[in-house]
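Peer 1: Please find work_32.cif (mmCIF, C-alpha atoms) on the next line:
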```
data_my_file
#
loop_
_atom_site.label_atom_id
_atom_site.label_comp_id
_atom_site.auth_asym_id
_atom_site.auth_seq_id
_atom_site.Cartn_x
_atom_site.Cartn_y
_atom_site.Cartn_z
CA MET N 1 -14.46 -6.35 -31.82
CA ALA N 2 -14.83 -7.39 -28.22
CA ILE N 3 -13.24 -10.61 -27.03
CA ALA N 4 -15.03 -13.34 -25.08
CA SER N 5 -14.28 -14.05 -21.43
CA ILE N 6 -12.20 -17.08 -20.51
CA SER N 7 -13.58 -19.97 -18.50
CA VAL N 8 -11.82 -20.93 -15.30
CA SER N 9 -11.73 -24.37 -13.74
CA GLU N 10 -12.25 -23.34 -10.14
CA THR N 11 -10.87 -26.14 -8.04
CA PRO N 12 -10.67 -25.13 -4.36
CA LEU N 13 -7.02 -24.03 -4.55
CA VAL N 14 -7.51 -22.14 -7.82
CA LEU N 15 -10.60 -20.40 -6.46
CA TYR N 16 -8.84 -19.62 -3.19
CA THR N 17 -5.82 -18.10 -4.93
CA LEU N 18 -7.96 -16.13 -7.38
CA ARG N 19 -9.96 -14.63 -4.51
CA ARG N 20 -6.79 -13.23 -2.94
CA ALA N 21 -5.38 -12.18 -6.30
CA ASP N 22 -8.60 -10.31 -7.11
CA ASP N 23 -8.45 -8.59 -3.71
CA ALA N 24 -4.99 -7.28 -4.49
CA LEU N 25 -5.73 -6.28 -8.09
CA ILE N 26 -8.99 -4.46 -7.38
CA LEU N 27 -7.69 -2.55 -4.37
CA GLY N 28 -4.46 -1.78 -6.20
CA HIS N 29 -6.46 -0.45 -9.14
CA ARG N 30 -8.56 1.71 -6.85
CA LEU N 31 -5.39 3.23 -5.39
CA SER N 32 -4.02 3.85 -8.88
CA GLU N 33 -7.09 6.00 -9.56
CA TRP N 34 -5.65 8.52 -7.10
CA CYS N 35 -2.52 8.99 -9.18
CA GLY N 36 -2.32 12.71 -9.91
CA HIS N 37 -5.37 13.47 -7.74
CA ALA N 38 -4.22 13.02 -4.13
CA PRO N 39 -4.50 15.96 -1.72
CA MET N 40 -0.73 16.45 -1.71
CA LEU N 41 2.16 15.23 -3.83
CA GLU N 42 3.68 13.24 -0.97
CA GLU N 43 0.47 11.26 -0.47
CA ASP N 44 0.03 10.80 -4.20
CA MET N 45 3.29 8.85 -4.16
CA ALA N 46 2.34 6.96 -1.01
CA LEU N 47 -0.94 5.78 -2.54
CA ALA N 48 0.74 4.77 -5.79
CA ASN N 49 3.39 2.88 -3.82
CA MET N 50 0.74 0.91 -1.95
CA GLY N 51 -1.06 0.26 -5.22
CA LEU N 52 2.11 -1.11 -6.77
CA ASP N 53 2.71 -3.38 -3.77
CA LEU N 54 -0.77 -4.79 -4.27
CA LEU N 55 -0.32 -5.16 -8.02
CA GLY N 56 2.84 -7.16 -7.33
CA GLN N 57 0.94 -9.44 -4.97
CA ALA N 58 -1.82 -9.87 -7.57
CA ARG N 59 0.65 -10.88 -10.26
CA GLU N 60 2.27 -13.55 -8.11
CA LEU N 61 -1.09 -14.94 -7.02
CA TYR N 62 -2.53 -14.98 -10.56
CA SER N 63 0.58 -16.70 -11.87
CA TYR N 64 0.28 -19.33 -9.17
CA ALA N 65 -3.44 -19.81 -9.86
CA ALA N 66 -2.62 -20.27 -13.56
CA LYS N 67 0.01 -22.85 -12.73
CA VAL N 68 -2.30 -24.78 -10.40
CA GLU N 69 -5.14 -24.65 -12.90
CA GLY N 70 -2.84 -25.78 -15.74
CA ARG N 71 -5.18 -24.89 -18.58
CA GLY N 72 -3.18 -22.25 -20.40
CA ASN N 73 -4.56 -19.21 -18.58
CA ASP N 74 -2.11 -16.63 -17.29
CA GLU N 75 -2.07 -13.49 -15.13
CA ASP N 76 -3.18 -11.24 -18.01
CA LYS N 77 -6.09 -13.47 -18.98
CA PHE N 78 -7.27 -13.65 -15.38
CA ALA N 79 -7.12 -9.88 -15.03
CA TYR N 80 -8.42 -8.79 -18.42
CA LEU N 81 -10.68 -11.55 -19.66
CA ARG N 82 -12.96 -12.44 -16.78
CA ASP N 83 -16.40 -10.94 -16.44
CA VAL N 84 -17.62 -9.19 -13.31
CA ARG N 85 -19.38 -12.34 -12.04
CA GLN N 86 -16.09 -14.25 -12.32
CA TYR N 87 -14.30 -11.81 -10.01
CA ARG N 88 -13.98 -13.04 -6.41
CA ASN N 89 -12.70 -10.02 -4.50
CA LEU N 90 -14.10 -8.66 -1.25
CA LEU N 91 -16.88 -6.10 -1.72
CA LEU N 92 -14.99 -3.70 0.56
CA LEU N 93 -12.14 -3.36 -1.92
CA GLU N 94 -14.25 -2.44 -4.97
CA GLN N 95 -16.03 0.39 -3.16
CA PRO N 96 -15.28 3.74 -4.81
CA ASN N 97 -12.47 5.92 -3.51
CA GLY N 98 -14.92 8.57 -2.31
CA ASP N 99 -13.05 11.28 -0.46
CA PHE N 100 -9.58 10.81 1.01
CA ALA N 101 -11.04 9.64 4.34
CA GLN N 102 -13.03 6.89 2.63
CA THR N 103 -9.95 5.66 0.79
CA MET N 104 -7.95 5.67 4.01
CA VAL N 105 -10.60 3.86 6.06
CA ARG N 106 -11.02 1.22 3.35
CA GLN N 107 -7.26 0.71 3.24
CA PHE N 108 -6.99 0.69 7.02
CA PHE N 109 -9.72 -1.93 7.49
CA TYR N 110 -8.16 -4.14 4.84
CA SER N 111 -4.51 -3.65 5.82
CA ALA N 112 -5.28 -4.46 9.47
CA TYR N 113 -6.68 -7.74 8.16
CA ALA N 114 -4.03 -8.38 5.50
CA ASP N 115 -1.22 -7.87 8.00
CA LEU N 116 -2.60 -10.65 10.22
CA TYR N 117 -3.60 -12.82 7.28
CA TRP N 118 -0.21 -12.80 5.52
CA ARG N 119 1.66 -13.27 8.75
CA ALA N 120 -0.44 -16.39 9.48
CA MET N 121 -0.07 -17.59 5.88
CA MET N 122 3.71 -17.66 6.21
CA LYS N 123 3.07 -20.99 7.95
CA SER N 124 0.93 -22.34 5.09
CA SER N 125 1.68 -25.92 4.08
CA ASP N 126 1.62 -24.65 0.49
CA ALA N 127 5.20 -23.49 -0.16
CA THR N 128 4.28 -20.98 -2.88
CA LEU N 129 1.56 -19.31 -0.83
CA ALA N 130 3.92 -19.24 2.16
CA ALA N 131 6.58 -17.49 0.05
CA ILE N 132 4.08 -14.95 -1.31
CA ALA N 133 2.94 -14.36 2.26
CA ALA N 134 6.48 -13.68 3.47
CA LYS N 135 6.87 -10.93 0.87
CA SER N 136 3.36 -9.51 1.23
CA GLU N 137 3.50 -9.38 5.02
CA LYS N 138 6.16 -6.66 5.02
CA GLU N 139 4.15 -4.62 2.55
CA SER N 140 0.90 -4.98 4.48
CA ALA N 141 2.62 -4.11 7.75
CA TYR N 142 3.70 -0.80 6.25
CA HIS N 143 0.25 -0.14 4.75
CA LEU N 144 -1.23 -0.67 8.20
CA ARG N 145 1.25 1.69 9.82
CA HIS N 146 0.72 4.39 7.23
CA THR N 147 -3.07 4.21 7.29
CA SER N 148 -3.13 4.05 11.10
CA GLU N 149 -1.22 7.32 11.25
CA TRP N 150 -3.70 8.89 8.85
CA MET N 151 -6.68 7.55 10.81
CA VAL N 152 -5.43 9.34 13.93
CA ARG N 153 -4.73 12.57 12.05
CA LEU N 154 -8.08 12.57 10.28
CA GLY N 155 -10.10 11.61 13.35
CA ASP N 156 -8.23 13.81 15.78
CA GLY N 157 -7.68 16.59 13.23
CA THR N 158 -10.25 19.20 12.33
CA GLU N 159 -14.02 19.06 12.70
CA GLU N 160 -14.26 18.50 8.97
CA SER N 161 -11.72 15.66 8.83
CA HIS N 162 -13.28 14.01 11.89
CA ALA N 163 -16.75 14.07 10.35
CA ARG N 164 -15.50 12.65 7.05
CA ALA N 165 -13.52 9.88 8.74
CA GLN N 166 -16.49 8.91 10.90
CA ALA N 167 -18.81 8.90 7.88
CA ALA N 168 -16.37 6.62 6.04
CA ILE N 169 -16.23 4.20 8.97
CA ASP N 170 -20.02 4.10 9.21
CA HIS N 171 -20.34 3.56 5.46
CA LEU N 172 -17.71 0.82 5.10
CA TRP N 173 -18.26 -1.09 8.33
CA ALA N 174 -20.83 -3.48 6.84
CA PHE N 175 -18.26 -4.63 4.29
CA THR N 176 -15.73 -5.83 6.87
CA GLY N 177 -17.48 -9.08 7.84
CA GLU N 178 -16.70 -10.71 4.52
CA MET N 179 -12.97 -10.79 5.32
CA PHE N 180 -13.55 -13.39 8.02
CA GLU N 181 -15.80 -15.78 6.11
CA ALA N 182 -14.86 -19.22 4.81
CA ASP N 183 -17.16 -21.30 2.60
CA ALA N 184 -17.13 -25.08 2.13
CA SER N 185 -14.44 -24.91 -0.55
CA GLU N 186 -12.10 -23.09 1.84
CA ARG N 187 -12.85 -25.40 4.77
CA GLY N 188 -10.93 -28.21 3.10
CA LEU N 189 -7.92 -25.95 2.59
CA ILE N 190 -8.05 -24.86 6.22
CA ASP N 191 -8.12 -28.50 7.34
CA ALA N 192 -5.13 -29.25 5.09
CA GLY N 193 -3.12 -26.40 6.63
CA ILE N 194 -2.98 -24.57 3.29
CA SER N 195 -5.14 -21.72 4.53
CA VAL N 196 -5.52 -19.98 7.84
CA ASP N 197 -9.06 -19.82 9.24
CA SER N 198 -9.74 -16.11 8.79
CA ALA N 199 -12.45 -16.18 11.47
CA SER N 200 -9.69 -16.83 14.02
CA LEU N 201 -8.07 -13.51 13.03
CA ARG N 202 -11.10 -11.39 13.83
CA PRO N 203 -10.52 -10.79 17.58
CA GLN N 204 -7.01 -9.47 16.94
CA TRP N 205 -8.24 -7.44 13.93
CA LEU N 206 -10.97 -5.91 16.04
CA LYS N 207 -8.49 -5.00 18.75
CA THR N 208 -6.05 -3.38 16.29
CA VAL N 209 -8.85 -1.44 14.62
CA ALA N 210 -10.55 -0.43 17.86
CA ASP N 211 -7.28 0.82 19.39
CA VAL N 212 -6.54 3.08 16.44
CA VAL N 213 -10.13 4.26 16.09
CA ASP N 214 -10.15 5.04 19.79
CA GLU N 215 -6.92 7.01 19.59
CA ALA N 216 -8.42 8.85 16.61
CA THR N 217 -11.38 9.88 18.82
CA LEU N 218 -13.65 8.07 16.35
CA ALA N 219 -16.15 5.29 17.06
CA LEU N 220 -16.94 1.91 15.53
CA PRO N 221 -20.59 1.29 14.63
CA LYS N 222 -22.63 -0.92 16.95
CA ASN N 223 -24.47 -2.74 14.16
CA ASP N 224 -23.11 -6.12 13.12
CA TRP N 225 -25.12 -6.79 9.96
CA MET N 226 -22.64 -7.56 7.23
CA GLN N 227 -22.72 -7.51 3.42
CA GLN N 228 -21.57 -10.60 1.57
CA GLY N 229 -21.35 -11.98 -1.95
CA GLY N 230 -18.02 -10.82 -3.40
CA ARG N 231 -16.36 -14.19 -2.86
CA ASP N 232 -19.08 -15.79 -5.00
CA GLY N 233 -19.05 -13.15 -7.72
CA ARG N 234 -22.09 -11.18 -6.55
CA HIS N 235 -20.76 -7.64 -6.59
CA SER N 236 -21.89 -4.10 -6.01
CA GLU N 237 -22.56 -2.05 -9.14
CA HIS N 238 -19.15 -0.41 -8.77
CA LEU N 239 -17.02 -3.36 -9.90
CA GLY N 240 -18.46 -3.46 -13.41
CA HIS N 241 -17.50 0.15 -13.99
CA LEU N 242 -14.03 -0.48 -12.61
CA LEU N 243 -13.52 -3.49 -14.88
CA SER N 244 -14.80 -1.68 -17.97
CA GLU N 245 -11.92 0.75 -17.53
CA LEU N 246 -9.37 -1.85 -16.44
CA GLN N 247 -10.20 -4.21 -19.31
CA SER N 248 -11.18 -1.88 -22.14
CA MET N 249 -7.85 -2.05 -23.96
CA GLN N 250 -7.56 -5.84 -24.00
CA ARG N 251 -11.24 -6.28 -24.79
CA THR N 252 -11.01 -3.88 -27.74
CA PHE N 253 -7.59 -4.91 -29.05
CA PRO N 254 -7.15 -8.55 -27.97
CA GLY N 255 -3.56 -9.42 -27.20
CA ALA N 256 -2.36 -5.83 -27.63
CA ALA N 257 1.14 -5.36 -26.20
CA TRP N 258 3.65 -2.56 -25.99
CA MET J 1 0.85 22.08 -1.19
CA ALA J 2 2.49 24.40 1.33
CA THR J 3 0.07 25.37 4.07
CA PRO J 4 0.70 26.38 7.67
CA ASN J 5 -0.22 22.80 8.64
CA THR J 6 2.29 21.12 6.36
CA PRO J 7 5.73 22.53 7.06
CA LEU J 8 8.81 21.74 5.01
CA TRP J 9 11.23 18.96 6.01
CA GLU J 10 14.73 18.17 4.79
CA VAL J 11 15.45 14.52 4.06
CA PHE J 12 18.76 12.72 4.61
CA ILE J 13 19.37 9.15 3.45
CA ARG J 14 22.15 6.76 4.37
CA SER J 15 22.56 4.41 1.46
CA ARG J 16 24.95 1.92 3.07
CA ASN J 17 26.36 1.09 6.46
CA GLY J 18 29.50 3.07 7.13
CA LEU J 19 28.47 6.00 4.95
CA ALA J 20 27.11 9.26 6.24
CA HIS J 21 23.51 10.41 5.78
CA LYS J 22 23.34 12.62 2.70
CA HIS J 23 20.84 15.32 1.93
CA VAL J 24 18.55 14.12 -0.88
CA GLY J 25 15.74 16.65 -0.98
CA SER J 26 12.78 18.02 0.90
CA LEU J 27 9.06 17.41 1.32
CA HIS J 28 5.93 18.71 3.04
CA ALA J 29 4.37 16.83 5.97
CA SER J 30 2.21 17.65 8.96
CA ASP J 31 4.63 16.23 11.54
CA ALA J 32 7.78 14.15 12.00
CA THR J 33 6.09 10.74 11.73
CA MET J 34 4.36 11.61 8.48
CA ALA J 35 7.54 13.23 7.18
CA LEU J 36 9.46 10.00 7.79
CA GLN J 37 6.82 7.96 5.95
CA ALA J 38 6.67 10.42 3.06
CA ALA J 39 10.48 10.32 2.84
CA ARG J 40 10.32 6.54 2.62
CA ASP J 41 7.78 6.75 -0.22
CA LEU J 42 9.48 9.59 -2.09
CA TYR J 43 13.18 8.86 -1.70
CA THR J 44 13.71 5.13 -1.06
CA ARG J 45 11.38 3.50 -3.58
CA ARG J 46 14.28 2.23 -5.70
CA GLY J 47 16.19 0.75 -2.78
CA GLU J 48 18.29 3.86 -2.14
CA GLY J 49 18.43 3.70 1.60
CA LEU J 50 18.95 1.86 4.86
CA SER J 51 18.24 4.78 7.15
CA ILE J 52 16.33 8.06 6.94
CA TRP J 53 16.61 11.31 8.85
CA VAL J 54 14.05 14.07 8.55
CA VAL J 55 14.75 17.51 9.94
CA PRO J 56 12.40 20.50 10.05
CA SER J 57 13.72 22.94 7.45
CA SER J 58 13.06 25.71 9.95
CA ALA J 59 15.69 24.16 12.26
CA ILE J 60 18.44 24.76 9.74
CA THR J 61 20.58 27.87 10.07
CA ALA J 62 22.00 28.74 6.68
CA SER J 63 24.83 31.00 5.61
CA ASP J 64 23.85 34.15 3.76
CA PRO J 65 24.74 34.01 0.03
CA ALA J 66 25.64 37.72 0.29
CA ASP J 67 28.49 36.77 2.67
CA LYS J 68 30.02 34.44 0.10
CA GLY J 69 33.17 36.49 -0.37
CA MET J 70 33.96 36.90 3.30
CA MET J 71 32.98 33.33 4.16
CA PHE J 72 34.63 31.26 1.44
CA GLU J 73 37.13 33.19 -0.65
CA PRO J 74 39.87 33.29 2.04
CA ALA J 75 40.12 29.48 1.76
CA GLU J 76 40.67 29.48 -1.97
CA SER J 77 44.29 30.67 -1.85
CA LYS J 78 45.45 28.12 0.71
CA ILE J 79 46.35 25.12 -1.41
CA TYR J 80 48.66 23.82 1.35
CA ARG J 81 45.53 22.73 3.21
CA HIS J 82 44.82 20.09 0.56
CA PRO J 83 46.46 16.81 1.59
CA THR J 84 47.81 16.10 -1.89
CA PHE J 85 51.33 15.17 -0.85
CA TYR J 86 50.64 11.69 0.53
CA GLU J 87 48.69 8.69 -0.73
CA VAL J 88 45.69 7.24 1.06
CA PRO J 89 45.88 3.42 1.21
CA ASP J 90 42.91 1.70 -0.49
CA GLU J 91 42.09 -0.21 2.71
CA VAL J 92 41.12 3.02 4.44
CA GLY J 93 37.96 3.14 2.39
CA HIS J 94 35.72 6.17 2.72
CA MET J 95 37.28 9.22 4.29
#
```
As structure tokens - that is how I would like this structure written.
Peer 2:
Amino acid sequence: MAIASISVSETPLVLYTLRRADDALILGHRLSEWCGHAPMLEEDMALANMGLDLLGQARELYSYAAKVEGRGNDEDKFAYLRDVRQYRNLLLLEQPNGDFAQTMVRQFFYSAYADLYWRAMMKSSDATLAAIAAKSEKESAYHLRHTSEWMVRLGDGTEESHARAQAAIDHLWAFTGEMFEADASERGLIDAGISVDSASLRPQWLKTVADVVDEATLALPKNDWMQQGGRDGRHSEHLGHLLSELQSMQRTFPGAAW
Amino acid sequence: MATPNTPLWEVFIRSRNGLAHKHVGSLHASDATMALQAARDLYTRRGEGLSIWVVPSSAITASDPADKGMMFEPAESKIYRHPTFYEVPDEVGHM
């Protein structure tokens, strides 16, 4: 028997924290899908390591959201018992792994953002978010370094790897704009010093990304039309499939533990 | 996967300050930078290290196992080379 989804009281801080927690969980889950399938054993471990970093971030953020909400939800309920429309992650992060280049480009775009975001969030007026940021920043910095190295090797590698990396950039570019958006509910948190204004991070993000892409002999697309909707629960068709796998055990056997 | 583009590297980890780097294993990587990152992911994920060295396996010159007798047996009969007749003070630490 399937179990019903929970309801969440999305005050601005709860919503804000859930959005970042969902980012980490969904991307971490995507990386876990590579386990046993990566092109080489060494990279299999690297991808799993990054996935575990992100899972750790998700757990801390979900626990904090549960505490702020104060209605008896917890990290497991947030992860396993919310429907696709209740998920608030960036569309970029739910996109399928595709080939290795697509996974690397997705991770590179996000890590270049996350590195700046967590570093800025270390100064958050919210002590818990600042502490989570201090831990996450070191992880994101390494993810950025690792993916940057791969970007250069894929782009400046063989004809095949160059073509795949460029195709991945072209495909994922339209999902990058969402990282720098802030809606009305986040505006208040920005004014209160709880959140950084992500829009202010974009110039530095663009420089970091452009420098690496340039060194990789790749090119960024000229178009600036951007997808949006993930932050409000309007997702691509891929997230539902991801969640059906992620949640199947708890939906089928509610409260199952081992 | 061993291909001409992913040579073998030997990994050395120093677990604490004051200790020497110790050989922990090997891995495949395209170049030194990627080897260092792979070593970090493969061999320090449980907090084993403070410092990593990676060395191309091809740079190592090894003794020939067939020369074992000539190389090592002459040392076996020379017990007077073992410093067993004095005590090392605890404060000396690692020697």
Peer 1: Could you name the residues that touch Asp41 (chain J) at 6 Å or less, counting only C-alpha atoms, but leaving out those on the same chain fewer than 3 positions away, as a VMD selection string?
Peer 2: (chain N and resid 46) or (chain J and resid 38 45)
Peer 1: Do you have the CA of Thr147 (chain N)-CA of Gly240 (chain N) distance handy?
Peer 2: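 CA of Gly240 (chain N) lies 26.9 Å from CA of Thr147 (chain N).
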Peer 1: Report as a PyMOL selection string the residues that result from applying the PyMOL selection byres ((chain J) within 10 of (chain N)) to the structure here.
Peer 2: chain J and resi 1-2+6+27-30+33-35+37-42+45
Peer 1: Suppose a student applies the PyMOL selection byres ((chain N and resi 165-179) around 9) to this structure; what residues should they get, written as a ChimeraX atom specification?
Peer 2: /N:90-93,95,98-106,109-110,113,151,154-155,160-164,180-182,198-199,202,218-221,223-231
Peer 1: So, counting only C-alpha atoms, which residue among N:Ala120, N:Ala192, N:Leu54, N:Leu15 is closest to Ser136 (chain N)?
Peer 2: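 Comparing N:Ala120, N:Ala192, N:Leu54, N:Leu15 against Ser136 (chain N), the winner is N:Leu54.
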Peer 1: Just how far from CA of Ser140 (chain N) is CA of Asp115 (chain N), in Å to one decimal?
Peer 2: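 Computed distance, CA of Asp115 (chain N) to CA of Ser140 (chain N), equals 5.0 Å.
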Peer 1: When you draw a straight line from CA of Leu27 (chain N) to CA of Gly233 (chain N), how long is it in Å?
Peer 2: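 Going from CA of Leu27 (chain N) over to CA of Gly233 (chain N) covers 15.9 Å.
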